[in-house]
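*Asks:* Next up is a structure, given as structure tokens.
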Amino acid sequence: MSLSSGPNSGGTDPLHGVSLQQIVERLQGYYGWEELARRVKIRCFEDNPSVGSSLKFLRKTPWARTKVEELYLFMLRKHPDALERQTHAPNLSSESHS
């Protein structure tokens with residue numbers, strides 16, 4: 001007997017297990033604040049942006065959170081290597097450039 005329901009059951013939902021903080025950090029790491037503010041018109045991305053202030057606003061504002069989640073899903077579809085590039089990006093400065 002299964003408790004799953006809906007088309008995204010069974011671990012196929014790309015948002016499953018991803019926190020809002022991870023989403024904001026990944027989007028910011030991939031797009032940067034300026035591009036993120038251009039793509040999602042909310043002031044917390046435009047005026048003195050930070051992950052903390054963004055999370056505070058997004059947790060209180062369902063329509064804005066939905067837009068951010070939609071952009072995250074778009075990023076995953078359009079640029080499937082985005083997370084891999086971010087995962088390896090911090091190590092670039094420690095590698096020797098020959």
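Residue names in the structure tokens use chain letters A, B, ... in the order shown, residue numbers from 1 in each chain, and ligand numbers from 1 in the order shown.
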Contacts of Leu27 of chain A at 10 Å or less, counting only C-alpha atoms, minus same-chain residues fewer than 3 places along, as a ChimeraX atom specification?
*Replies:* /A:21-24,30-33,35-36,68-69,71-72,75,82-83,86
*Asks:* If you run DSSP on the backbone here, which positions in segment 6-94 of chain A get helix (DSSP H, G or I)? Please write them as a PyMOL selection string.
*Replies:* chain A and resi 20-39+43-46+51-60+62-78+82-94
